[in-house]
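Raw contents of run.pdb, PDB, C-alpha atoms, pLDDT in the B column:
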```pdb
ATOM      1  CA  MET A  12      32.280  30.887 -20.238  1.00 52.00           C
ATOM      2  CA  SER A  13      32.616  28.804 -17.069  1.00 54.00           C
ATOM      3  CA  ALA A  14      29.859  26.380 -16.057  1.00 52.00           C
ATOM      4  CA  PRO A  15      28.625  28.245 -12.964  1.00 54.00           C
ATOM      5  CA  ASN A  16      28.513  31.487 -14.920  1.00 85.00           C
ATOM      6  CA  LEU A  17      26.659  29.789 -17.774  1.00 90.00           C
ATOM      7  CA  TYR A  18      24.269  28.328 -15.185  1.00 90.00           C
ATOM      8  CA  GLU A  19      23.389  31.863 -14.100  1.00 90.00           C
ATOM      9  CA  THR A  20      23.219  33.454 -17.538  1.00 91.00           C
ATOM     10  CA  ASP A  21      21.774  30.769 -19.846  1.00 93.00           C
ATOM     11  CA  PHE A  22      20.212  27.869 -17.982  1.00 91.00           C
ATOM     12  CA  TYR A  23      19.243  25.928 -21.113  1.00 93.00           C
ATOM     13  CA  ALA A  24      22.767  26.145 -22.538  1.00 94.00           C
ATOM     14  CA  TRP A  25      24.095  25.033 -19.145  1.00 94.00           C
ATOM     15  CA  THR A  26      21.815  21.954 -19.182  1.00 93.00           C
ATOM     16  CA  GLN A  27      22.988  21.008 -22.682  1.00 96.00           C
ATOM     17  CA  GLU A  28      26.616  21.424 -21.669  1.00 95.00           C
ATOM     18  CA  GLN A  29      26.100  19.240 -18.589  1.00 95.00           C
ATOM     19  CA  VAL A  30      24.374  16.541 -20.676  1.00 96.00           C
ATOM     20  CA  SER A  31      27.256  16.538 -23.133  1.00 96.00           C
ATOM     21  CA  LEU A  32      29.795  16.278 -20.311  1.00 95.00           C
ATOM     22  CA  LEU A  33      27.857  13.405 -18.743  1.00 96.00           C
ATOM     23  CA  LYS A  34      27.619  11.531 -22.048  1.00 97.00           C
ATOM     24  CA  ASP A  35      31.349  11.998 -22.621  1.00 97.00           C
ATOM     25  CA  ARG A  36      32.064  10.956 -19.001  1.00 96.00           C
ATOM     26  CA  GLN A  37      33.986  14.137 -18.366  1.00 96.00           C
ATOM     27  CA  TRP A  38      33.258  14.015 -14.646  1.00 95.00           C
ATOM     28  CA  GLU A  39      35.907  16.559 -13.644  1.00 96.00           C
ATOM     29  CA  LEU A  40      34.286  19.256 -15.816  1.00 95.00           C
ATOM     30  CA  LEU A  41      30.764  18.827 -14.437  1.00 95.00           C
ATOM     31  CA  ASP A  42      29.195  21.635 -12.433  1.00 94.00           C
ATOM     32  CA  THR A  43      28.386  19.249  -9.570  1.00 95.00           C
ATOM     33  CA  VAL A  44      27.210  21.896  -7.109  1.00 94.00           C
ATOM     34  CA  ASN A  45      24.479  23.147  -9.436  1.00 94.00           C
ATOM     35  CA  LEU A  46      23.702  19.650 -10.763  1.00 95.00           C
ATOM     36  CA  ILE A  47      22.985  18.460  -7.235  1.00 94.00           C
ATOM     37  CA  GLU A  48      20.818  21.503  -6.588  1.00 94.00           C
ATOM     38  CA  GLU A  49      18.817  20.951  -9.790  1.00 94.00           C
ATOM     39  CA  ILE A  50      18.273  17.239  -9.150  1.00 93.00           C
ATOM     40  CA  GLU A  51      17.016  18.003  -5.632  1.00 92.00           C
ATOM     41  CA  ALA A  52      14.711  20.662  -7.074  1.00 92.00           C
ATOM     42  CA  LEU A  53      13.263  18.164  -9.554  1.00 89.00           C
ATOM     43  CA  GLY A  54      12.251  15.888  -6.681  1.00 86.00           C
ATOM     44  CA  ARG A  55      10.661  18.781  -4.801  1.00 91.00           C
ATOM     45  CA  LYS A  56       8.696  19.794  -7.902  1.00 94.00           C
ATOM     46  CA  GLU A  57       7.166  16.323  -8.208  1.00 93.00           C
ATOM     47  CA  ARG A  58       6.099  16.435  -4.555  1.00 93.00           C
ATOM     48  CA  GLN A  59       4.699  19.953  -4.977  1.00 96.00           C
ATOM     49  CA  GLU A  60       2.770  18.911  -8.068  1.00 96.00           C
ATOM     50  CA  LEU A  61       1.216  16.019  -6.157  1.00 96.00           C
ATOM     51  CA  ARG A  62       0.282  18.294  -3.245  1.00 97.00           C
ATOM     52  CA  ASN A  63      -1.161  20.977  -5.529  1.00 97.00           C
ATOM     53  CA  ARG A  64      -3.203  18.546  -7.626  1.00 98.00           C
ATOM     54  CA  LEU A  65      -4.539  16.888  -4.484  1.00 98.00           C
ATOM     55  CA  GLY A  66      -5.393  20.331  -3.086  1.00 98.00           C
ATOM     56  CA  LEU A  67      -7.254  21.276  -6.263  1.00 98.00           C
ATOM     57  CA  LEU A  68      -9.154  17.984  -6.140  1.00 98.00           C
ATOM     58  CA  LEU A  69     -10.108  18.472  -2.488  1.00 98.00           C
ATOM     59  CA  GLY A  70     -11.157  22.074  -3.142  1.00 98.00           C
ATOM     60  CA  HIS A  71     -13.521  20.976  -5.885  1.00 98.00           C
ATOM     61  CA  LEU A  72     -14.896  18.134  -3.759  1.00 98.00           C
ATOM     62  CA  LEU A  73     -15.646  20.704  -1.049  1.00 97.00           C
ATOM     63  CA  LYS A  74     -17.318  23.012  -3.547  1.00 97.00           C
ATOM     64  CA  TRP A  75     -19.374  20.088  -4.880  1.00 96.00           C
ATOM     65  CA  HIS A  76     -20.301  19.071  -1.345  1.00 96.00           C
ATOM     66  CA  PHE A  77     -21.153  22.429   0.210  1.00 96.00           C
ATOM     67  CA  GLN A  78     -22.509  24.364  -2.763  1.00 95.00           C
ATOM     68  CA  PRO A  79     -24.757  21.813  -4.505  1.00 94.00           C
ATOM     69  CA  GLU A  80     -26.902  24.460  -6.193  1.00 94.00           C
ATOM     70  CA  LYS A  81     -23.873  25.615  -8.214  1.00 95.00           C
ATOM     71  CA  ARG A  82     -22.609  22.214  -9.325  1.00 95.00           C
ATOM     72  CA  SER A  83     -21.402  22.202 -12.889  1.00 94.00           C
ATOM     73  CA  ASN A  84     -19.852  19.976 -15.499  1.00 95.00           C
ATOM     74  CA  SER A  85     -16.744  22.124 -15.116  1.00 95.00           C
ATOM     75  CA  TRP A  86     -16.385  21.153 -11.437  1.00 96.00           C
ATOM     76  CA  LEU A  87     -17.009  17.525 -12.302  1.00 95.00           C
ATOM     77  CA  GLY A  88     -14.447  17.732 -15.091  1.00 97.00           C
ATOM     78  CA  THR A  89     -11.853  19.187 -12.731  1.00 97.00           C
ATOM     79  CA  ILE A  90     -12.524  16.458 -10.161  1.00 98.00           C
ATOM     80  CA  ARG A  91     -12.109  13.756 -12.801  1.00 97.00           C
ATOM     81  CA  GLU A  92      -9.056  15.342 -14.386  1.00 98.00           C
ATOM     82  CA  GLN A  93      -7.215  15.787 -11.084  1.00 98.00           C
ATOM     83  CA  ARG A  94      -7.854  12.163 -10.121  1.00 98.00           C
ATOM     84  CA  VAL A  95      -6.435  11.030 -13.457  1.00 98.00           C
ATOM     85  CA  GLN A  96      -3.472  13.402 -13.233  1.00 98.00           C
ATOM     86  CA  ILE A  97      -2.670  12.220  -9.698  1.00 97.00           C
ATOM     87  CA  ARG A  98      -2.854   8.572 -10.794  1.00 97.00           C
ATOM     88  CA  LEU A  99      -0.542   9.297 -13.748  1.00 97.00           C
ATOM     89  CA  LEU A 100       1.886  11.184 -11.521  1.00 96.00           C
ATOM     90  CA  LEU A 101       1.960   8.222  -9.134  1.00 96.00           C
ATOM     91  CA  GLN A 102       2.473   5.786 -12.027  1.00 96.00           C
ATOM     92  CA  ASP A 103       5.463   7.825 -13.183  1.00 94.00           C
ATOM     93  CA  ASN A 104       6.751   8.243  -9.608  1.00 93.00           C
ATOM     94  CA  PRO A 105       5.663   5.210  -7.534  1.00 94.00           C
ATOM     95  CA  SER A 106       7.767   6.312  -4.557  1.00 93.00           C
ATOM     96  CA  LEU A 107       5.421   9.306  -4.143  1.00 93.00           C
ATOM     97  CA  LYS A 108       2.593   6.966  -3.035  1.00 93.00           C
ATOM     98  CA  SER A 109       3.954   6.971   0.506  1.00 91.00           C
ATOM     99  CA  TYR A 110       3.995  10.774   0.394  1.00 91.00           C
ATOM    100  CA  LEU A 111       0.213  10.927  -0.218  1.00 93.00           C
ATOM    101  CA  ASN A 112      -0.696  10.395   3.439  1.00 91.00           C
ATOM    102  CA  GLU A 113       1.975  12.840   4.553  1.00 92.00           C
ATOM    103  CA  VAL A 114       0.780  15.589   2.209  1.00 94.00           C
ATOM    104  CA  PHE A 115      -2.962  15.028   2.648  1.00 96.00           C
ATOM    105  CA  LEU A 116      -3.362  17.575   5.491  1.00 95.00           C
ATOM    106  CA  ALA A 117      -1.448  20.280   3.629  1.00 96.00           C
ATOM    107  CA  ALA A 118      -3.433  19.528   0.484  1.00 98.00           C
ATOM    108  CA  TYR A 119      -6.668  19.887   2.451  1.00 98.00           C
ATOM    109  CA  GLU A 120      -5.537  23.324   3.617  1.00 97.00           C
ATOM    110  CA  LEU A 121      -4.981  24.304  -0.022  1.00 98.00           C
ATOM    111  CA  GLY A 122      -8.347  22.861  -1.034  1.00 98.00           C
ATOM    112  CA  LEU A 123     -10.083  24.590   1.852  1.00 97.00           C
ATOM    113  CA  ALA A 124      -8.565  27.947   0.884  1.00 97.00           C
ATOM    114  CA  LEU A 125      -9.733  27.410  -2.708  1.00 97.00           C
ATOM    115  CA  ALA A 126     -13.269  26.467  -1.656  1.00 97.00           C
ATOM    116  CA  ILE A 127     -13.570  29.431   0.725  1.00 97.00           C
ATOM    117  CA  LYS A 128     -12.322  31.843  -1.936  1.00 96.00           C
ATOM    118  CA  GLU A 129     -14.405  30.501  -4.814  1.00 95.00           C
ATOM    119  CA  THR A 130     -17.690  29.833  -3.002  1.00 95.00           C
ATOM    120  CA  ARG A 131     -17.613  32.884  -0.742  1.00 92.00           C
ATOM    121  CA  LEU A 132     -19.519  30.802   1.813  1.00 92.00           C
ATOM    122  CA  GLY A 133     -17.156  31.667   4.636  1.00 88.00           C
ATOM    123  CA  GLU A 134     -14.753  29.390   6.415  1.00 90.00           C
ATOM    124  CA  GLN A 135     -17.244  28.540   9.191  1.00 94.00           C
ATOM    125  CA  ILE A 136     -19.234  26.441   6.670  1.00 95.00           C
ATOM    126  CA  PHE A 137     -16.353  24.069   5.980  1.00 96.00           C
ATOM    127  CA  PRO A 138     -14.965  21.486   8.401  1.00 96.00           C
ATOM    128  CA  GLU A 139     -11.523  22.127   9.917  1.00 94.00           C
ATOM    129  CA  VAL A 140     -10.621  18.508   9.288  1.00 95.00           C
ATOM    130  CA  CYS A 141     -11.065  16.965   5.870  1.00 96.00           C
ATOM    131  CA  PRO A 142     -14.424  15.166   5.782  1.00 96.00           C
ATOM    132  CA  TYR A 143     -13.099  12.657   3.220  1.00 97.00           C
ATOM    133  CA  ASN A 144     -10.341  10.133   3.559  1.00 96.00           C
ATOM    134  CA  LEU A 145      -7.686   9.520   0.923  1.00 96.00           C
ATOM    135  CA  GLU A 146      -9.460   6.460  -0.456  1.00 95.00           C
ATOM    136  CA  GLN A 147     -12.695   8.401  -0.997  1.00 96.00           C
ATOM    137  CA  THR A 148     -10.835  11.363  -2.454  1.00 97.00           C
ATOM    138  CA  MET A 149      -9.171   9.177  -5.084  1.00 96.00           C
ATOM    139  CA  ASN A 150     -12.203   6.965  -5.773  1.00 96.00           C
ATOM    140  CA  ALA A 151     -13.520   7.763  -9.264  1.00 94.00           C
ATOM    141  CA  GLU A 152     -17.067   6.914  -8.120  1.00 93.00           C
ATOM    142  CA  PHE A 153     -17.054   9.147  -5.031  1.00 96.00           C
ATOM    143  CA  LEU A 154     -18.835  12.495  -5.017  1.00 96.00           C
ATOM    144  CA  PRO A 155     -19.801  13.903  -1.617  1.00 95.00           C
ATOM    145  CA  GLU A 156     -23.382  14.817  -0.827  1.00 84.00           C
ATOM    146  CA  LEU A 157     -24.644  17.022   1.996  1.00 59.00           C
ATOM    147  CA  ASN A 158     -26.389  14.120   3.721  1.00 53.00           C
ATOM    148  CA  GLN A 159     -23.113  12.163   3.777  1.00 53.00           C
ATOM    149  CA  VAL A 160     -21.288  14.465   6.203  1.00 47.00           C
ATOM    150  CA  ASN A 161     -22.063  12.340   9.254  1.00 39.00           C
ATOM    151  CA  GLU A 162     -21.451   9.076   7.390  1.00 42.00           C
ATOM    152  CA  ILE A 163     -18.046  10.254   6.193  1.00 40.00           C
ATOM    153  CA  GLU A 164     -16.878  11.496   9.584  1.00 41.00           C
ATOM    154  CA  GLU A 165     -17.834   8.295  11.407  1.00 37.00           C
TER     155      GLU A 165
END
```
Here is a file; write its structure as structure tokens.
Amino acid sequence: MSAPNLYETDFYAWTQEQVSLLKDRQWELLDTVNLIEEIEALGRKERQELRNRLGLLLGHLLKWHFQPEKRSNSWLGTIREQRVQIRLLLQDNPSLKSYLNEVFLAAYELGLALAIKETRLGEQIFPEVCPYNLEQTMNAEFLPELNQVNEIEE
């Protein structure tokens, strides 16, 4: 079975074959086209994971902020967990730190969609622009309160 065909029919077997070829330095037998594609995809997945975790964190901060009567340990747990997971992801991939500012707006859109869906408060309740900055969002001590809206935006 040729490498590209194996790539399409049994991805795991293809990865093991490519690893073996790399270890044996059999460069001419490598499926370079698909290897390049997979390595690029790995980088995209790390960026997507960062964006999605940041979006989940922002969504729960919005829920905490704008629906205080429904606050729960579950929301607090999600906020804490996402902060830890983001920190760990950045420790494993330090070059993603510069991507945080770039992805923050997209992550807010994801968080906003989550908060609108889960609170059913309606999008008019939530600010178009994220009311928290990146430093606040990642600060383990920060939890937004309704009376902070003006302080945060200033």
Identify, on the basis of all atoms listed in the file, every residue whose closest approach to Thr130 (chain A) does not exceed 9 Å; exclude the query and any residue fewer than 2 positions from it along the same chain; express the result as a PDB file with C-alpha atoms, keeping the file's coordinate frame.
```
ATOM      1  CA  LYS A  74     -17.318  23.012  -3.547  1.00 97.00           C
ATOM      2  CA  PHE A  77     -21.153  22.429   0.210  1.00 96.00           C
ATOM      3  CA  GLN A  78     -22.509  24.364  -2.763  1.00 95.00           C
ATOM      4  CA  LEU A 125      -9.733  27.410  -2.708  1.00 97.00           C
ATOM      5  CA  ALA A 126     -13.269  26.467  -1.656  1.00 97.00           C
ATOM      6  CA  ILE A 127     -13.570  29.431   0.725  1.00 97.00           C
ATOM      7  CA  LYS A 128     -12.322  31.843  -1.936  1.00 96.00           C
ATOM      8  CA  LEU A 132     -19.519  30.802   1.813  1.00 92.00           C
ATOM      9  CA  GLY A 133     -17.156  31.667   4.636  1.00 88.00           C
TER      10      GLY A 133
END
```
For region 115-135 of chain A versus region 61-67 of chain A, which residues have an atom no more than 8 Å away, and what is each residue's nearest atom pair and distance in Å rounded to one decimal, using all atoms listed in the file, chain-then-number order, as a tab-separated table?
```
residue	atom	partner	partner_atom	distance
A:Phe115	CA	A:Arg62	CA	7.5
A:Ala117	CA	A:Arg62	CA	7.4
A:Ala118	CA	A:Gly66	CA	4.2
A:Tyr119	CA	A:Gly66	CA	5.7
A:Glu120	CA	A:Gly66	CA	7.3
A:Leu121	CA	A:Gly66	CA	5.0
A:Gly122	CA	A:Gly66	CA	4.4
A:Leu125	CA	A:Leu67	CA	7.5
```
Could you list, as a compact mmCIF listing (two decimals) with C-alpha atoms, in the frame of the given file, every residue within 9 Å of Leu68 (chain A), counting all atoms listed in the file and ignoring same-chain residues fewer than 5 positions away?
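Contents of out.txt, as written:
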```txt
# COMPACT_ATOMS: atom_id res chain seq x y z
CA ASN A 63 -1.16 20.98 -5.53
CA LEU A 73 -15.65 20.70 -1.05
CA THR A 89 -11.85 19.19 -12.73
CA ILE A 90 -12.52 16.46 -10.16
CA ARG A 91 -12.11 13.76 -12.80
CA GLU A 92 -9.06 15.34 -14.39
CA GLN A 93 -7.22 15.79 -11.08
CA ARG A 94 -7.85 12.16 -10.12
CA ALA A 118 -3.43 19.53 0.48
CA GLY A 122 -8.35 22.86 -1.03
CA THR A 148 -10.84 11.36 -2.45
CA MET A 149 -9.17 9.18 -5.08
```
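CA of Asn45 (chain A) is found 10.1 Å from CA of Gln29 (chain A).
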Q. Given the choices A:Ala52, A:Leu123, A:Leu32, A:Val95, which gets closest to Pro142 (chain A) if the distance is worked out from all atoms listed in the file?
A. A:Leu123
Q: Go through A:Tyr110, A:Phe153, A:Tyr23, A:Tyr18 one by one, measure the shortest atom-to-atom distance of each to Thr43 (chain A) using all atoms listed in the file, and give the residue with the smallest value.
A: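 The closest residue to Thr43 (chain A) is A:Tyr18.
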Q. Quick one: of A:Asp42, A:Glu152, A:Glu80, A:Glu51, who's nearest to Gln27 (chain A), counting all atoms listed in the file?
A.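 Of A:Asp42, A:Glu152, A:Glu80, A:Glu51, the one nearest Gln27 (chain A) is A:Asp42, counting all atoms listed in the file.
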Would you kindly place N, CA, C and O atoms on region 68-85 of chain A and return the model as a compact mmCIF listing (two decimals), keeping the file's coordinate frame?
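Below you can see out-v1.txt, which holds the result:
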```txt
# COMPACT_ATOMS: atom_id res chain seq x y z
N LEU A 68 -8.11 19.01 -6.20
CA LEU A 68 -9.15 17.98 -6.14
C LEU A 68 -10.00 18.15 -4.89
O LEU A 68 -11.24 18.17 -4.95
N LEU A 69 -9.36 18.31 -3.74
CA LEU A 69 -10.11 18.47 -2.49
C LEU A 69 -10.94 19.75 -2.49
O LEU A 69 -12.07 19.76 -2.01
N GLY A 70 -10.40 20.82 -3.05
CA GLY A 70 -11.16 22.07 -3.14
C GLY A 70 -12.42 21.90 -3.96
O GLY A 70 -13.49 22.41 -3.58
N HIS A 71 -12.34 21.19 -5.05
CA HIS A 71 -13.52 20.98 -5.88
C HIS A 71 -14.50 19.99 -5.25
O HIS A 71 -15.72 20.13 -5.42
N LEU A 72 -13.99 19.02 -4.51
CA LEU A 72 -14.90 18.13 -3.76
C LEU A 72 -15.66 18.93 -2.70
O LEU A 72 -16.86 18.72 -2.50
N LEU A 73 -14.97 19.85 -2.04
CA LEU A 73 -15.65 20.70 -1.05
C LEU A 73 -16.69 21.59 -1.71
O LEU A 73 -17.81 21.75 -1.20
N LYS A 74 -16.35 22.18 -2.84
CA LYS A 74 -17.32 23.01 -3.55
C LYS A 74 -18.54 22.19 -3.95
O LYS A 74 -19.67 22.62 -3.78
N TRP A 75 -18.30 20.99 -4.47
CA TRP A 75 -19.37 20.09 -4.88
C TRP A 75 -20.25 19.74 -3.68
O TRP A 75 -21.48 19.73 -3.77
N HIS A 76 -19.62 19.50 -2.56
CA HIS A 76 -20.30 19.07 -1.34
C HIS A 76 -21.14 20.20 -0.73
O HIS A 76 -22.31 20.00 -0.40
N PHE A 77 -20.53 21.37 -0.57
CA PHE A 77 -21.15 22.43 0.21
C PHE A 77 -21.85 23.51 -0.62
O PHE A 77 -22.46 24.41 -0.05
N GLN A 78 -21.79 23.41 -1.92
CA GLN A 78 -22.51 24.36 -2.76
C GLN A 78 -23.22 23.60 -3.89
O GLN A 78 -22.98 23.83 -5.07
N PRO A 79 -24.13 22.69 -3.50
CA PRO A 79 -24.76 21.81 -4.50
C PRO A 79 -25.57 22.56 -5.56
O PRO A 79 -25.68 22.09 -6.70
N GLU A 80 -26.09 23.72 -5.22
CA GLU A 80 -26.90 24.46 -6.19
C GLU A 80 -26.06 25.04 -7.33
O GLU A 80 -26.60 25.46 -8.35
N LYS A 81 -24.74 25.05 -7.17
CA LYS A 81 -23.87 25.62 -8.21
C LYS A 81 -23.04 24.55 -8.91
O LYS A 81 -22.12 24.87 -9.66
N ARG A 82 -23.36 23.29 -8.69
CA ARG A 82 -22.61 22.21 -9.32
C ARG A 82 -22.63 22.39 -10.84
O ARG A 82 -23.64 22.78 -11.41
N SER A 83 -21.50 22.04 -11.44
CA SER A 83 -21.40 22.20 -12.89
C SER A 83 -20.56 21.08 -13.49
O SER A 83 -19.82 20.39 -12.78
N ASN A 84 -20.70 20.93 -14.79
CA ASN A 84 -19.85 19.98 -15.50
C ASN A 84 -18.39 20.37 -15.39
O ASN A 84 -17.51 19.51 -15.43
N SER A 85 -18.11 21.65 -15.26
CA SER A 85 -16.74 22.12 -15.12
C SER A 85 -16.13 21.60 -13.82
O SER A 85 -14.99 21.14 -13.80
```
